[in-house]
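First the structure, in the form of structure tokens, and then the observations on it.
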Amino acid sequence: MPVKFQPCPTTGNGVHTWLLSQANRCRNGGLSPEATAQCLRDAVRDCGRVVPDSEINAAVEKAFATGCASPQAQSSGGKAKRRRRAKRSLPSRAALNPALIQSIASSSPGLSDLREASPVGLADDRNRAEEIIDTLFPGDPLLCAAKGTAESALTMPRSLWRGHLQWCSLVVPSPMSARTGISKEGKVSRRCLDNTGPRRFLVVEFDSGTLDSQAARMLHLAQWAPLGLALHSGSKSLHGWFQVGGFPPKNVLKFFRYAVSLGADYHTWSRCQMVRVPDGLHKNGQRQTVFYFNPKLIESHVH
């Protein structure tokens, strides 16, 4: 019986997430990995962007790594075990708690309160990109940053980035361990898990609800983990940099799952996921304005 797909969304509306959900649907429908990959290629042709085979293959590999190739291939107990393992390793949007989000938004401070809570005054128009990056990444570590899109990412010493970061959009929120690494596809890459160092910051991104609602959730999360920095993406979301270096991994995962239940984007869980440069420049030309900055808290953890 043919597998019925949910309609593929247009670019910017969750194509990447859709790929994994439909790869799972194909797996459960008894299709092979090869047949699943071909079905996905056919389905994304009109989504508004070119979806590379590497993205499709990654979705297929993840789907078939967390379940069987067909419903008859193994017991339901084995499938349940794999699903639990996958849930532990990758937080999911399925954990969203709308009632809690509404409760926090209606009873907590908003964006103006986030600004006022900043230990460093940010009312002037001075660009602080270099100052903030020096605080986040003291010394001369390898940093991965990009102007415009992640595809243009470069990894090089902090000293070579000096003077350029205010024009960059994206950065990996941990120092890199090497200029290049080997990607999951076996290719040399300037940004992958293989050349990303230990997690120093966990960035929580909210892109739904008003900025006041997002700020309220950010301040709420600051009760559970140290908030060092919060900024506007230059588009529609707030990014909060939480200091988690040295924390037990299980505690970090528990915190992030809670953030996802409040509407955080689960993609920032990946250590090599790029996030917004504080006071950097969005590709749309808008400044990625910093609303909250606590350098003393950051310095007390990174030194």
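Each chain in the structure tokens gets a letter, A, B and so on, in the order shown; residues start at 1 in every chain, and ligands are counted from 1 in the order they appear.
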Fewer than 6 positions away in the same chain doesn't count, so skip those; otherwise give me all residues within 10 Å of Gly240 in chain A, counting only C-alpha atoms, as a ChimeraX atom specification. /A:201-206,214-215,218-219,221-222,227-232,276,290-292
Output file for the residues above (N, CA, C and O atoms, as a CSV table (one decimal), in the first residue's frame):
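Just written: selection.csv:
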```csv
chain,number,residue,atom,x,y,z
A,201,PHE,N,28.0,27.2,25.8
A,201,PHE,CA,26.7,27.9,26.0
A,201,PHE,C,25.6,27.1,25.3
A,201,PHE,O,25.8,26.4,24.3
A,202,LEU,N,24.4,27.1,25.8
A,202,LEU,CA,23.3,26.6,25.2
A,202,LEU,C,22.4,27.7,24.8
A,202,LEU,O,21.9,28.5,25.7
A,203,VAL,N,22.1,27.9,23.5
A,203,VAL,CA,21.4,29.0,23.0
A,203,VAL,C,19.9,28.6,22.9
A,203,VAL,O,19.6,27.6,22.2
A,204,VAL,N,19.0,29.3,23.5
A,204,VAL,CA,17.6,29.1,23.4
A,204,VAL,C,17.0,30.1,22.5
A,204,VAL,O,17.1,31.3,22.7
A,205,GLU,N,16.3,29.7,21.4
A,205,GLU,CA,15.7,30.6,20.5
A,205,GLU,C,14.2,30.4,20.5
A,205,GLU,O,13.7,29.3,20.3
A,206,PHE,N,13.5,31.5,20.7
A,206,PHE,CA,12.1,31.6,20.6
A,206,PHE,C,11.7,32.3,19.3
A,206,PHE,O,12.2,33.4,19.1
A,214,GLN,N,8.2,36.2,24.4
A,214,GLN,CA,9.5,35.5,24.3
A,214,GLN,C,10.4,36.0,25.4
A,214,GLN,O,11.1,35.2,26.1
A,215,ALA,N,10.4,37.3,25.7
A,215,ALA,CA,11.2,37.8,26.8
A,215,ALA,C,10.8,37.3,28.2
A,215,ALA,O,11.6,36.9,29.0
A,218,MET,N,12.2,33.9,28.5
A,218,MET,CA,13.6,33.9,28.6
A,218,MET,C,13.9,34.2,30.1
A,218,MET,O,14.8,33.5,30.7
A,219,LEU,N,13.2,35.2,30.7
A,219,LEU,CA,13.5,35.5,32.1
A,219,LEU,C,13.0,34.4,33.0
A,219,LEU,O,13.7,34.1,34.1
A,221,LEU,N,13.2,31.2,32.2
A,221,LEU,CA,14.3,30.1,32.2
A,221,LEU,C,15.5,30.5,33.0
A,221,LEU,O,16.2,29.7,33.4
A,222,ALA,N,15.7,31.8,33.1
A,222,ALA,CA,16.9,32.3,33.8
A,222,ALA,C,16.8,31.9,35.3
A,222,ALA,O,17.8,32.1,36.0
A,227,LEU,N,21.7,33.1,32.7
A,227,LEU,CA,21.5,33.8,31.4
A,227,LEU,C,22.6,34.9,31.3
A,227,LEU,O,22.7,35.8,32.1
A,228,GLY,N,23.5,34.7,30.3
A,228,GLY,CA,24.5,35.7,30.1
A,228,GLY,C,24.2,36.7,29.1
A,228,GLY,O,24.8,37.8,29.1
A,229,LEU,N,23.3,36.4,28.1
A,229,LEU,CA,23.1,37.3,27.0
A,229,LEU,C,21.8,37.0,26.4
A,229,LEU,O,21.3,35.9,26.3
A,230,ALA,N,21.1,38.1,25.9
A,230,ALA,CA,19.9,37.9,25.2
A,230,ALA,C,19.9,39.0,24.0
A,230,ALA,O,20.2,40.1,24.3
A,231,LEU,N,19.5,38.6,22.9
A,231,LEU,CA,19.5,39.5,21.7
A,231,LEU,C,18.4,39.2,20.8
A,231,LEU,O,17.8,38.1,20.8
A,232,HIS,N,18.1,40.2,19.9
A,232,HIS,CA,17.1,40.0,18.9
A,232,HIS,C,17.7,39.5,17.6
A,232,HIS,O,18.9,39.9,17.3
A,276,ARG,N,22.8,33.5,16.2
A,276,ARG,CA,23.0,34.9,15.9
A,276,ARG,C,24.2,35.5,16.6
A,276,ARG,O,24.3,35.4,17.8
A,290,VAL,N,21.4,43.6,21.0
A,290,VAL,CA,21.6,43.0,22.3
A,290,VAL,C,20.6,43.7,23.3
A,290,VAL,O,20.7,44.9,23.4
A,291,PHE,N,19.8,42.9,24.0
A,291,PHE,CA,18.9,43.5,25.0
A,291,PHE,C,19.4,43.3,26.5
A,291,PHE,O,19.0,44.0,27.4
A,292,TYR,N,20.2,42.2,26.6
A,292,TYR,CA,20.6,41.8,28.0
A,292,TYR,C,22.0,41.3,27.9
A,292,TYR,O,22.4,40.5,27.0
```
Top pick for closest residue to Arg158 in chain A, considering A:Ala259, A:Val60, A:Leu143, A:Val171 and counting only C-alpha atoms: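 For Arg158 in chain A, the nearest of the candidates is A:Leu143.
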Of the residues A:Ser21, A:Ser261, A:Asn195, A:Ser213, which is the one nearest to Ser108 in chain A, using only C-alpha atoms? A:Ser213
Closest of A:Glu34, A:Glu151, A:Asp113, A:Glu185 to Met274 in chain A, counting only C-alpha atoms, is A:Glu151
Kindly give the distance, in Å, that separates CA of Ser159 in chain A and CA of Ala129 in chain A, rounded to a single decimal.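 Result for CA of Ser159 in chain A versus CA of Ala129 in chain A: 13.7 Å, one decimal.
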